>>> print(open('input10.cif').read())   # mmCIF, C-alpha atoms
data_target
loop_
_atom_site.label_atom_id
_atom_site.label_comp_id
_atom_site.auth_asym_id
_atom_site.auth_seq_id
_atom_site.Cartn_x
_atom_site.Cartn_y
_atom_site.Cartn_z
CA MET A 1 -11.65 -5.90 -16.46
CA LEU A 2 -10.73 -7.94 -13.40
CA THR A 3 -10.72 -11.70 -13.85
CA ILE A 4 -10.69 -13.63 -10.57
CA SER A 5 -11.36 -17.23 -9.58
CA GLY A 6 -14.44 -18.00 -7.53
CA ALA A 7 -12.18 -19.38 -4.79
CA LEU A 8 -10.21 -16.13 -4.43
CA HIS A 9 -13.37 -14.05 -4.63
CA ASP A 10 -14.83 -16.08 -1.76
CA LYS A 11 -11.63 -15.76 0.33
CA ILE A 12 -11.71 -11.96 0.05
CA VAL A 13 -15.39 -11.84 1.04
CA ALA A 14 -14.78 -14.27 3.93
CA HIS A 15 -11.93 -12.07 5.23
CA ALA A 16 -14.16 -8.99 5.03
CA ARG A 17 -16.93 -10.83 6.92
CA ALA A 18 -14.53 -12.13 9.56
CA ASP A 19 -13.18 -8.66 10.41
CA HIS A 20 -16.56 -6.88 10.25
CA PRO A 21 -17.33 -4.27 11.70
CA ASP A 22 -13.66 -3.29 11.26
CA GLU A 23 -12.31 -2.89 7.75
CA ALA A 24 -10.35 -5.84 6.36
CA CYS A 25 -7.51 -5.45 3.86
CA GLY A 26 -5.06 -7.46 1.83
CA VAL A 27 -3.40 -8.26 -1.46
CA VAL A 28 -3.66 -10.84 -4.21
CA ALA A 29 -0.26 -11.18 -5.86
CA GLY A 30 0.47 -12.52 -9.31
CA PRO A 31 3.41 -12.97 -11.69
CA ALA A 32 4.68 -9.56 -12.87
CA GLY A 33 3.20 -8.43 -16.16
CA THR A 34 0.48 -11.11 -16.32
CA ASP A 35 -2.39 -9.35 -14.51
CA ARG A 36 -3.20 -12.79 -13.08
CA ALA A 37 -4.52 -12.76 -9.50
CA ASP A 38 -2.92 -15.82 -7.93
CA ARG A 39 -1.72 -15.68 -4.37
CA PHE A 40 -4.05 -14.55 -1.57
CA ILE A 41 -2.29 -12.53 1.16
CA PRO A 42 -4.61 -11.24 3.91
CA MET A 43 -3.00 -8.34 5.79
CA THR A 44 -3.43 -7.01 9.32
CA ASN A 45 -5.32 -3.71 9.47
CA SER A 46 -3.08 -1.90 11.96
CA ALA A 47 -5.74 0.82 12.39
CA ARG A 48 -8.32 -1.81 13.56
CA SER A 49 -11.05 0.66 12.68
CA PRO A 50 -14.51 0.52 11.10
CA THR A 51 -13.64 3.56 8.95
CA PHE A 52 -9.93 3.24 8.18
CA TYR A 53 -7.36 0.67 7.16
CA GLU A 54 -3.59 0.65 6.95
CA PHE A 55 -1.41 -2.36 6.17
CA ASP A 56 0.77 -3.19 9.17
CA SER A 57 4.15 -1.65 8.32
CA MET A 58 6.29 -4.73 9.03
CA GLU A 59 3.91 -7.03 7.11
CA LEU A 60 4.02 -4.53 4.26
CA LEU A 61 7.83 -4.73 4.12
CA ARG A 62 7.85 -8.55 4.31
CA THR A 63 5.11 -8.94 1.70
CA TRP A 64 6.51 -6.43 -0.81
CA ARG A 65 9.99 -7.92 -0.42
CA GLU A 66 8.63 -11.43 -0.95
CA MET A 67 6.73 -10.35 -4.08
CA ASP A 68 9.94 -8.75 -5.37
CA GLU A 69 11.90 -11.98 -4.82
CA ARG A 70 9.22 -14.03 -6.57
CA ASP A 71 8.92 -11.52 -9.41
CA GLU A 72 5.31 -10.82 -8.49
CA GLU A 73 3.18 -7.69 -8.38
CA PRO A 74 0.21 -6.65 -6.25
CA VAL A 75 -2.48 -7.51 -8.84
CA ILE A 76 -5.34 -6.79 -6.41
CA ILE A 77 -5.34 -4.52 -3.37
CA TYR A 78 -8.58 -5.09 -1.49
CA HIS A 79 -10.33 -3.64 1.51
CA SER A 80 -13.81 -3.56 2.93
CA HIS A 81 -16.27 -0.82 3.77
CA THR A 82 -18.46 -2.00 6.59
CA ALA A 83 -21.26 0.58 6.63
CA THR A 84 -21.09 2.23 3.21
CA GLU A 85 -21.09 1.20 -0.43
CA ALA A 86 -18.21 -0.59 -2.16
CA TYR A 87 -16.94 2.55 -3.87
CA PRO A 88 -13.59 4.34 -3.26
CA SER A 89 -13.83 7.14 -0.71
CA ARG A 90 -11.85 10.35 -0.96
CA THR A 91 -9.37 8.82 1.50
CA ASP A 92 -9.02 5.71 -0.68
CA ILE A 93 -8.31 7.85 -3.71
CA SER A 94 -5.73 10.11 -2.05
CA TYR A 95 -3.72 7.16 -0.69
CA ALA A 96 -3.88 4.95 -3.78
CA ASN A 97 -0.26 4.41 -4.79
CA GLU A 98 -0.40 1.47 -7.18
CA PRO A 99 -1.78 2.66 -10.53
CA GLY A 100 -1.25 -0.84 -11.97
CA ALA A 101 -3.39 -2.59 -9.35
CA HIS A 102 -7.07 -3.50 -9.33
CA TYR A 103 -8.54 -1.86 -6.23
CA VAL A 104 -11.24 -4.22 -5.00
CA LEU A 105 -13.82 -2.95 -2.53
CA VAL A 106 -16.17 -5.22 -0.64
CA SER A 107 -19.09 -3.86 1.32
CA THR A 108 -20.31 -5.90 4.26
CA ARG A 109 -23.09 -3.48 5.23
CA ASP A 110 -25.66 -6.09 4.18
CA ALA A 111 -25.34 -9.29 6.20
CA GLU A 112 -26.71 -11.44 3.39
CA HIS A 113 -25.30 -9.94 0.22
CA ALA A 114 -21.69 -8.69 -0.11
CA GLU A 115 -21.04 -6.06 -2.80
CA PHE A 116 -17.79 -6.83 -4.66
CA ARG A 117 -16.53 -4.16 -7.09
CA SER A 118 -13.23 -3.35 -8.76
CA PHE A 119 -11.65 -0.03 -9.74
CA ARG A 120 -8.53 1.46 -11.21
CA ILE A 121 -7.27 4.47 -9.29
CA SER A 122 -4.62 6.53 -11.03
CA SER A 123 -3.66 10.16 -10.40
CA GLY A 124 -6.86 10.71 -8.45
CA VAL A 125 -9.13 9.34 -11.19
CA VAL A 126 -11.41 6.39 -10.38
CA THR A 127 -12.55 4.06 -13.16
CA GLU A 128 -14.86 1.17 -12.33
CA GLU A 129 -14.28 -2.04 -14.25
CA GLU A 130 -16.17 -5.24 -14.87
CA VAL A 131 -15.49 -8.21 -12.56
CA ARG A 132 -15.49 -11.65 -14.15
CA VAL A 133 -15.54 -14.54 -11.68
CA THR A 134 -14.29 -17.81 -13.16
CA GLN A 135 -15.05 -21.32 -11.92
CA GLU A 136 -11.89 -23.02 -10.66
CA MET B 1 30.06 5.48 2.08
CA ALA B 2 27.47 3.65 0.02
CA ILE B 3 23.96 2.90 1.17
CA GLU B 4 21.52 1.13 -1.11
CA VAL B 5 18.09 2.76 -1.28
CA ARG B 6 15.18 0.79 -2.74
CA ILE B 7 12.63 2.98 -4.50
CA PRO B 8 8.94 1.99 -4.91
CA THR B 9 7.31 1.95 -8.35
CA ILE B 10 5.37 5.15 -7.71
CA LEU B 11 8.56 7.16 -7.03
CA ARG B 12 10.74 5.80 -9.84
CA SER B 13 9.96 8.84 -11.96
CA TYR B 14 12.56 10.56 -9.74
CA THR B 15 15.22 7.89 -10.39
CA ASP B 16 14.90 7.44 -14.17
CA GLY B 17 13.05 4.20 -13.51
CA ALA B 18 15.76 2.68 -11.29
CA LYS B 19 14.52 0.24 -8.62
CA SER B 20 17.40 1.17 -6.36
CA VAL B 21 19.92 3.97 -6.10
CA GLU B 22 22.98 4.58 -3.94
CA GLY B 23 23.62 7.42 -1.58
CA SER B 24 25.63 8.41 1.43
CA GLY B 25 25.16 10.08 4.80
CA ALA B 26 25.72 9.50 8.49
CA THR B 27 21.98 9.83 9.20
CA LEU B 28 18.77 9.31 7.23
CA ALA B 29 18.39 13.11 6.93
CA GLU B 30 21.87 13.35 5.39
CA LEU B 31 21.15 10.48 3.04
CA LEU B 32 17.96 12.14 1.78
CA ALA B 33 19.82 15.43 1.25
CA ASP B 34 22.50 13.54 -0.71
CA LEU B 35 19.86 11.79 -2.87
CA GLU B 36 18.11 15.09 -3.53
CA ALA B 37 21.25 16.38 -5.27
CA ARG B 38 20.86 13.69 -7.97
CA HIS B 39 17.13 12.95 -7.76
CA GLY B 40 15.49 16.33 -7.36
CA GLY B 41 11.97 16.21 -5.92
CA LEU B 42 12.33 12.84 -4.19
CA ARG B 43 12.97 14.25 -0.72
CA GLU B 44 9.79 16.35 -0.85
CA ARG B 45 7.76 13.16 -1.35
CA LEU B 46 9.23 11.60 1.79
CA VAL B 47 9.43 14.44 4.29
CA ASP B 48 7.52 17.59 5.17
CA ASP B 49 8.38 20.31 7.67
CA LYS B 50 7.37 18.01 10.54
CA GLY B 51 9.65 15.14 9.52
CA LEU B 52 8.89 11.90 7.72
CA ARG B 53 5.48 11.95 6.07
CA ARG B 54 2.82 9.99 7.92
CA PHE B 55 1.92 7.78 4.94
CA VAL B 56 5.35 6.82 3.73
CA ASN B 57 7.30 4.02 5.40
CA VAL B 58 11.09 4.06 5.46
CA TYR B 59 12.95 0.99 6.68
CA LEU B 60 16.59 0.59 7.66
CA ASN B 61 17.45 -3.02 6.89
CA ASP B 62 14.48 -4.82 8.56
CA GLU B 63 13.28 -2.05 10.89
CA ASP B 64 10.82 0.78 10.43
CA VAL B 65 12.87 3.96 11.10
CA ARG B 66 9.96 5.32 13.16
CA PHE B 67 11.06 2.86 15.85
CA LEU B 68 14.75 3.77 15.44
CA GLY B 69 15.28 7.52 15.32
CA GLY B 70 13.27 8.85 12.40
CA LEU B 71 15.32 11.25 10.30
CA GLU B 72 18.14 11.13 12.89
CA THR B 73 18.55 7.37 12.51
CA PRO B 74 22.31 6.72 12.16
CA LEU B 75 23.42 4.91 9.01
CA LYS B 76 26.58 3.04 8.13
CA ASP B 77 28.26 1.76 5.02
CA GLY B 78 26.50 -1.29 3.60
CA ASP B 79 23.09 -0.47 5.10
CA ALA B 80 20.00 -0.96 2.97
CA VAL B 81 17.16 1.56 3.11
CA THR B 82 13.73 0.67 1.68
CA VAL B 83 11.00 3.20 0.92
CA LEU B 84 7.39 1.95 0.68
CA PRO B 85 4.26 4.11 0.57
CA ALA B 86 1.70 3.05 3.15
CA VAL B 87 -1.21 1.05 1.78
CA ALA B 88 -4.10 2.79 3.47
CA GLY B 89 -7.57 4.22 3.02
CA GLY B 90 -11.05 3.58 4.31
CA ALA B 91 -14.58 4.82 4.41
CA THR B 92 -13.71 7.71 6.78
CA ALA B 93 -17.11 9.33 6.50
CA GLY B 94 -16.97 12.86 7.92
CA ALA B 95 -17.98 13.01 11.58
CA ALA B 96 -17.91 9.22 11.84
CA ALA B 97 -14.13 9.23 11.35
CA GLY B 98 -12.27 7.54 14.17
CA ALA B 99 -8.93 8.32 15.76
CA ALA B 100 -6.93 6.70 12.96
CA ALA B 101 -8.80 8.73 10.39
CA GLY B 102 -8.00 11.88 12.34
CA ALA B 103 -4.32 11.07 11.94
CA ALA B 104 -4.89 10.57 8.23
CA ALA B 105 -6.33 14.04 7.84
CA GLY B 106 -3.01 15.59 8.90
CA PRO B 107 -0.17 15.30 6.40
CA GLY B 108 -0.82 15.09 2.70
CA PRO B 109 -0.89 11.89 0.73
CA VAL B 110 2.27 10.27 -0.56
CA ALA B 111 1.21 10.36 -4.17
#
>>> encode(input="input10.cif", output="structure tokens")
Amino acid sequence: MLTISGALHDKIVAHARADHPDEACGVVAGPAGTDRADRFIPMTNSARSPTFYEFDSMELLRTWREMDERDEEPVIIYHSHTATEAYPSRTDISYANEPGAHYVLVSTRDAEHAEFRSFRISSGVVTEEEVRVTQE
Amino acid sequence: MAIEVRIPTILRSYTDGAKSVEGSGATLAELLADLEARHGGLRERLVDDKGLRRFVNVYLNDEDVRFLGGLETPLKDGDAVTVLPAVAGGATAGAAAGAAAGAAAGPGPVA
């Protein structure tokens, strides 16, 4: 199960809406071993594409180094699908490299209602999990 | 000549769980060959017959080696090399796939 504050949930959705129709992507870091999504880090999609995302390589280095120094982990890795459902594509599954992370997908295909779903992706296997949004 | 190499979580199965290992070589290619002697299988995850894999990033100090010299990037004692798999994906629905997705279809995934 993914537990996330309403504030962080809204930030992820707002980022996805802002970059629509391109895919948006980013990380929520948290203290290592706690599974607590804490620190919102929107990333630049260097592909700037409606069907593909890739974290900018220099931002990736800076962010992963910073998490290492702060003893944090990528608790959530999120990205948006802008014309399809919020479910991992074959591409998402083949490039998923953080088996410990919650992979959050947001779909912005509906202008009114954003789908927000969370998955574990490990060794090519996708498992959907419940999302609990807390009031903070 | 010692060069520190930082290994991402997903590849630590090749380094007995170590976050960083040491190696030597005058170029990145030589360093990876040296590492392969002690950490068999690691090199294969980073390079294919065309060079560095598309979805793995290798940095020398603070620079992406793609902007330096790729596998021919010269190294010196005290350098730090960091390996990070790309964080990538996307809807990439068949014919709708754009240019970036076309690039993704090339080399295999990192993991």
>>> interface_residues(input="input10.cif", of="chain B", to="chain A", cutoff="6 Å", atoms="only C-alpha atoms", output="VMD selection string")
chain B and resid 87 to 92 109
>>> atom_distance(input="input10.cif", atom1="CA of Thr15 in chain B", atom2="CA of Leu52 in chain B")
19.6 Å
>>> closest_residue(input="input10.cif", among="A:Glu115, A:Arg132, A:Asp38, A:Asp68", to="Ala16 in chain A", atoms="all atoms listed in the file")
A:Glu115
>>> atom_distance(input="input10.cif", atom1="CA of Tyr14 in chain B", atom2="CA of Tyr78 in chain A")
27.6 Å
>>> atom_distance(input="input10.cif", atom1="CA of Asp79 in chain B", atom2="CA of Val5 in chain B")
8.7 Å
>>> closest_residue(input="input10.cif", among="A:Met67, A:Leu2, A:Val75, A:Ala14", to="Gly33 in chain A", atoms="only C-alpha atoms")
A:Val75
>>> residues_around(input="input10.cif", residues="Gly69 in chain B", least_positions_apart="4", cutoff="10 Å", atoms="all atoms listed in the file", output="list in words")
Thr27, Leu28, Asp64, Val65, Thr73 and Pro74 of chain B
>>> resolve_selection(input="input10.cif", expression="the PyMOL selection byres ((chain A and resi 41) around 6)", output="list in words")
Gly26, Val27, Val28, Phe40 and Pro42 of chain A
>>> residues_near_point(input="input10.cif", point="(24.9, 1.0, 5.0)", cutoff="9 Å", atoms="only C-alpha atoms", output="list in words")
Met1, Ala2, Ile3, Glu4, Ser24, Leu60, Asn61, Leu75, Lys76, Asp77, Gly78, Asp79, Ala80 and Val81 of chain B
>>> residues_near_point(input="input10.cif", point="(13.4, 0.6, -5.2)", cutoff="10 Å", atoms="all atoms listed in the file", output="list of chain:residue names")
A:Asp68, B:Glu4, B:Val5, B:Arg6, B:Ile7, B:Pro8, B:Thr9, B:Ile10, B:Leu11, B:Arg12, B:Thr15, B:Gly17, B:Ala18, B:Lys19, B:Ser20, B:Val21, B:Val81, B:Thr82, B:Val83, B:Leu84
>>> decode(input="input10.cif", residues="chain B", atoms="C-alpha atoms", output="compact mmCIF listing (two decimals), in the first residue's frame")
# COMPACT_ATOMS: atom_id res chain seq x y z
CA MET B 1 45.80 3.54 -10.17
CA ALA B 2 42.59 3.58 -8.16
CA ILE B 3 39.29 4.88 -9.44
CA GLU B 4 36.20 4.74 -7.27
CA VAL B 5 33.12 3.37 -9.03
CA ARG B 6 29.69 3.91 -7.47
CA ILE B 7 27.26 1.09 -8.18
CA PRO B 8 23.45 1.56 -8.21
CA THR B 9 21.21 -0.64 -6.06
CA ILE B 10 19.99 -2.68 -9.02
CA LEU B 11 23.55 -3.76 -9.97
CA ARG B 12 24.89 -4.53 -6.49
CA SER B 13 24.25 -8.22 -7.02
CA TYR B 14 27.48 -8.08 -9.06
CA THR B 15 29.47 -6.45 -6.25
CA ASP B 16 28.37 -8.55 -3.25
CA GLY B 17 26.15 -5.66 -2.19
CA ALA B 18 28.94 -3.06 -2.19
CA LYS B 19 27.85 0.53 -2.96
CA SER B 20 31.21 1.29 -4.47
CA VAL B 21 34.18 -0.66 -5.77
CA GLU B 22 37.65 0.29 -6.96
CA GLY B 23 39.20 -0.35 -10.31
CA SER B 24 41.89 0.86 -12.64
CA GLY B 25 42.35 1.76 -16.29
CA ALA B 26 43.51 4.59 -18.52
CA THR B 27 40.08 4.77 -20.20
CA LEU B 28 36.51 3.88 -19.23
CA ALA B 29 36.73 0.79 -21.48
CA GLU B 30 39.84 -0.37 -19.62
CA LEU B 31 38.21 0.29 -16.26
CA LEU B 32 35.16 -1.80 -17.18
CA ALA B 33 37.42 -4.65 -18.37
CA ASP B 34 39.31 -4.46 -15.06
CA LEU B 35 36.05 -4.54 -13.05
CA GLU B 36 34.79 -7.49 -15.07
CA ALA B 37 37.72 -9.58 -13.78
CA ARG B 38 36.37 -9.28 -10.21
CA HIS B 39 32.68 -8.60 -10.85
CA GLY B 40 31.74 -10.93 -13.67
CA GLY B 41 28.59 -9.92 -15.57
CA LEU B 42 28.70 -6.23 -14.65
CA ARG B 43 30.22 -5.06 -17.93
CA GLU B 44 27.47 -6.76 -19.95
CA ARG B 45 24.88 -4.66 -18.11
CA LEU B 46 26.63 -1.44 -19.08
CA VAL B 47 27.78 -1.98 -22.65
CA ASP B 48 26.64 -3.83 -25.74
CA ASP B 49 28.41 -4.28 -29.08
CA LYS B 50 27.59 -0.68 -30.01
CA GLY B 51 29.11 0.87 -26.89
CA LEU B 52 27.49 2.17 -23.73
CA ARG B 53 23.89 1.04 -23.42
CA ARG B 54 21.34 3.72 -24.23
CA PHE B 55 19.53 3.48 -20.89
CA VAL B 56 22.45 3.45 -18.52
CA ASN B 57 24.18 6.67 -17.51
CA VAL B 58 27.86 6.70 -16.61
CA TYR B 59 29.37 9.84 -15.12
CA LEU B 60 33.02 10.80 -14.67
CA ASN B 61 33.08 13.06 -11.62
CA ASP B 62 30.23 15.49 -12.49
CA GLU B 63 29.98 14.88 -16.24
CA ASP B 64 27.99 12.42 -18.31
CA VAL B 65 30.64 10.43 -20.25
CA ARG B 66 28.46 10.71 -23.37
CA PHE B 67 29.62 14.33 -23.54
CA LEU B 68 33.26 13.40 -22.86
CA GLY B 69 34.38 10.46 -24.98
CA GLY B 70 32.11 7.55 -24.17
CA LEU B 71 34.09 4.37 -23.59
CA GLU B 72 37.29 6.15 -24.71
CA THR B 73 36.98 8.78 -21.98
CA PRO B 74 40.44 9.07 -20.36
CA LEU B 75 40.61 8.42 -16.62
CA LYS B 76 43.18 9.28 -14.00
CA ASP B 77 43.99 8.26 -10.47
CA GLY B 78 41.50 9.66 -7.97
CA ASP B 79 38.64 9.99 -10.46
CA ALA B 80 35.15 8.97 -9.37
CA VAL B 81 32.86 7.12 -11.76
CA THR B 82 29.12 6.85 -11.03
CA VAL B 83 26.76 4.42 -12.74
CA LEU B 84 23.02 5.20 -12.71
CA PRO B 85 20.33 3.46 -14.77
CA ALA B 86 18.17 5.93 -16.67
CA VAL B 87 14.76 6.55 -15.15
CA ALA B 88 12.58 6.30 -18.22
CA GLY B 89 9.38 4.90 -19.66
CA GLY B 90 6.16 6.20 -21.10
CA ALA B 91 2.97 5.31 -22.85
CA THR B 92 4.75 4.64 -26.18
CA ALA B 93 1.68 3.20 -27.85
CA GLY B 94 2.69 1.43 -31.08
CA ALA B 95 2.43 3.68 -34.12
CA ALA B 96 1.91 6.74 -31.93
CA ALA B 97 5.47 6.43 -30.61
CA GLY B 98 7.53 9.55 -31.16
CA ALA B 99 11.19 10.00 -31.98
CA ALA B 100 12.31 9.44 -28.39
CA ALA B 101 10.36 6.22 -28.23
CA GLY B 102 12.04 5.08 -31.44
CA ALA B 103 15.39 5.46 -29.70
CA ALA B 104 14.03 3.44 -26.79
CA ALA B 105 13.16 0.53 -29.04
CA GLY B 106 16.82 0.06 -29.94
CA PRO B 107 19.05 -1.32 -27.19
CA GLY B 108 17.68 -3.56 -24.49
CA PRO B 109 16.69 -2.40 -21.06
CA VAL B 110 19.23 -1.97 -18.29
CA ALA B 111 17.53 -4.38 -15.95
